[in-house]
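Asker: Have a look at this one.
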Amino acid sequence: MALGTATAPYELRFDTGRVCLDLLATTHPVERLGSVGVLRAWITGSGLVPAGTPLAHADLSWLAGFRELRMQTARLVRARPAPGAPPYDRALARVNDLARGAPPAPRAVRGEDGALVRELTGPPLCAELLGAVARDAVDLLTDPEARASLRQCEGDNCPIVYVDTSRGRRRRWCSSEICGNRERVARHRRRAAVSRA
């Protein structure tokens with residue numbers, strides 16, 4: 001299936017270490033939030049809502065809201081703030097504004113097997129979900145340790161930013177299976193080409 005047409009979890013990435021960075025990853029290698037259906041899958045896959053939460057009320061305005069938050073968060077995460085830089089200041093103001101929205105309220109209920117499971121008290125609103133992601137961005141940007149652990153993937157043309165929690169802080173790629181594997185294959189091909197020459 002083509003990207004953007006299905007909602008299979010393997011098409012969406014949740015390996016950056018933060019939900020706000022997972023949202024940024026939806027632009028690579030192509031626009032992944034191409035439909036409301038994929039946005040619904042991303043919202044559930046990111047853990048913003050428990051599995052099975054009804055999201056049928058999500059519409060194109062939700063897609064526009066999440067894309068806008070993604071753009072503003074990218075400006076904050078990828079830029080070096082300069083005093084009075086208008087794009088940075090506007091992005092910061094917008095993320096702060098969205099972060100004021102309260103996240104959806106959870107509650108514990110008994111599941112079919114009797115164990116407690118999490119569900120929401122009602123269908124989540126777009127502003128609540130945007131607020132949860134924006135709060136994650138604020139937490140990331142204001143935590144010096146987390147901010148110092150931000151890394152840009154060293155993969156060829158990979159824009160993904162992730163939190164490096166690896167031992168020794170030596171992680172080089174957003175994913176060893178994706179960009180790391182590509183780099184190892186490219187290195188092997190370069191060595192093979194040199195040995196043939």
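Chain identifiers are assigned as A, B, and so on, following the order in which chains appear in the structure tokens; residues are numbered from 1 within each chain, and ligands are numbered from 1 in order of appearance.
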Would you list, as a ChimeraX atom specification, the residues of chain A that end up in alpha helix (DSSP H) under DSSP run on this structure's backbone?

Answerer: /A:19-24,36-45,60-78,86-99,126-142,144-148,181-196

Asker: Excluding segment 30-46 of chain A and any residue of its chain fewer than 5 positions from it, enumerate the residues within 10 Å of it, using only C-alpha atoms, and give them as a PyMOL selection string.

Answerer: chain A and resi 3-9+11-15+18-20+22-23+25+51-64+66-67+129+133

Asker: For the selection you just gave me, I'd like the residues written to a file as a JSON list (two decimals), in the first residue's frame, keeping C-alpha atoms.

Answerer:
```
[["chain", "number", "residue", "atom", "x", "y", "z"],
["A", 3, "LEU", "CA", 2.14, 5.81, 2.09],
["A", 4, "GLY", "CA", -0.69, 8.03, 3.19],
["A", 5, "THR", "CA", -3.39, 5.67, 1.96],
["A", 6, "ALA", "CA", -3.31, 3.08, 4.72],
["A", 7, "THR", "CA", -3.22, 3.32, 8.45],
["A", 8, "ALA", "CA", -0.88, 0.41, 9.15],
["A", 9, "PRO", "CA", 1.35, 1.13, 12.16],
["A", 11, "GLU", "CA", 3.99, 3.36, 8.09],
["A", 12, "LEU", "CA", 4.10, 5.65, 11.10],
["A", 13, "ARG", "CA", 7.10, 6.02, 13.39],
["A", 14, "PHE", "CA", 7.01, 6.26, 17.15],
["A", 15, "ASP", "CA", 10.71, 5.85, 17.96],
["A", 18, "ARG", "CA", 8.93, 12.08, 22.49],
["A", 19, "VAL", "CA", 5.43, 12.44, 21.08],
["A", 20, "CYS", "CA", 6.21, 15.94, 19.72],
["A", 22, "ASP", "CA", 7.13, 11.62, 16.57],
["A", 23, "LEU", "CA", 4.84, 14.27, 15.08],
["A", 25, "ALA", "CA", 8.77, 12.45, 11.91],
["A", 51, "ALA", "CA", -6.57, 1.98, 21.68],
["A", 52, "GLY", "CA", -10.19, 1.76, 20.67],
["A", 53, "THR", "CA", -10.98, 5.41, 21.47],
["A", 54, "PRO", "CA", -13.58, 6.64, 18.98],
["A", 55, "LEU", "CA", -12.10, 9.30, 16.70],
["A", 56, "ALA", "CA", -14.77, 9.34, 13.98],
["A", 57, "HIS", "CA", -15.45, 13.00, 14.77],
["A", 58, "ALA", "CA", -11.94, 14.02, 13.62],
["A", 59, "ASP", "CA", -12.09, 16.05, 10.42],
["A", 60, "LEU", "CA", -9.90, 18.09, 8.08],
["A", 61, "SER", "CA", -9.59, 20.88, 10.67],
["A", 62, "TRP", "CA", -7.80, 18.37, 12.92],
["A", 63, "LEU", "CA", -5.38, 17.56, 10.12],
["A", 64, "ALA", "CA", -4.68, 21.28, 9.61],
["A", 66, "PHE", "CA", -1.70, 18.93, 13.73],
["A", 67, "ARG", "CA", 0.23, 20.02, 10.65],
["A", 129, "LEU", "CA", -4.90, 16.50, 21.81],
["A", 133, "VAL", "CA", 1.50, 17.42, 22.11]]
```

Asker: At what distance in Å, to one decimal, does atom CA of Ala91 of chain A lie from atom CA of Arg75 of chain A?

Answerer: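 The value is 6.6 Å.
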
Asker: Taking only C-alpha atoms into account, name the residue in A:Arg190, A:Arg78, A:Arg100, A:Arg94 that is nearest to Leu150 of chain A.

Answerer: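 Nearest candidate to Leu150 of chain A out of A:Arg190, A:Arg78, A:Arg100, A:Arg94: A:Arg78.
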
Asker: Need to verify the contact set: segment 168-184 of chain A, 8 Å, only C-alpha atoms, exclusion of same-chain residues closer than 2 positions in sequence. Can you return it as a ChimeraX atom specification?

Answerer: /A:15-16,149,151-156,158,160-162,164-166,186-188

Asker: Could you please take those selected residues and save C-alpha atoms as an mmCIF file, in the first residue's frame?

Answerer:
```cif
data_model
loop_
_atom_site.group_PDB
_atom_site.id
_atom_site.type_symbol
_atom_site.label_atom_id
_atom_site.label_comp_id
_atom_site.auth_asym_id
_atom_site.auth_seq_id
_atom_site.Cartn_x
_atom_site.Cartn_y
_atom_site.Cartn_z
ATOM 1 C CA ASP A 15 10.709 5.849 17.958
ATOM 2 C CA THR A 16 12.018 9.361 18.571
ATOM 3 C CA SER A 149 20.090 14.778 24.271
ATOM 4 C CA ARG A 151 20.192 14.497 17.963
ATOM 5 C CA GLN A 152 19.711 14.893 14.231
ATOM 6 C CA CYS A 153 19.887 11.563 12.422
ATOM 7 C CA GLU A 154 23.176 11.115 10.565
ATOM 8 C CA GLY A 155 21.422 9.163 7.823
ATOM 9 C CA ASP A 156 21.702 10.509 4.295
ATOM 10 C CA CYS A 158 17.189 12.159 7.052
ATOM 11 C CA ILE A 160 14.469 13.104 11.942
ATOM 12 C CA VAL A 161 15.333 14.483 15.362
ATOM 13 C CA TYR A 162 15.299 12.105 18.320
ATOM 14 C CA ASP A 164 19.403 9.980 22.441
ATOM 15 C CA THR A 165 18.988 7.851 25.553
ATOM 16 C CA SER A 166 21.579 5.307 24.476
ATOM 17 C CA ALA A 186 26.379 2.142 1.415
ATOM 18 C CA ARG A 187 29.668 1.666 3.303
ATOM 19 C CA HIS A 188 29.874 -1.942 2.080
#
```

Asker: Select from segment 6-184 of chain A everything DSSP, run on the backbone, classes as strand (DSSP E or B), then give the selection as a list in words.

Answerer: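 Restricting segment 6-184 of chain A to strand (DSSP E or B) produces Pro106, Arg107, Ala108, Val109, Arg110, Leu116, Val117, Arg118, Glu119, Leu120, Leu150, Arg151, Gln152, Val161, Tyr162 and Val163 of chain A.
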
Asker: Quick one: of A:Pro29, A:Gly17, A:Leu69, A:Pro106, who's nearest to Asn157 of chain A, counting only C-alpha atoms?

Answerer: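 Between A:Pro29, A:Gly17, A:Leu69, A:Pro106, the residue approaching Asn157 of chain A most closely is A:Pro29.
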
Asker: Restricting the calculation to only C-alpha atoms: of A:Leu116, A:Ala82, A:Leu21, A:Val77, which residue gets closest to Thr142 of chain A?

Answerer: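 The closest residue to Thr142 of chain A is A:Val77.
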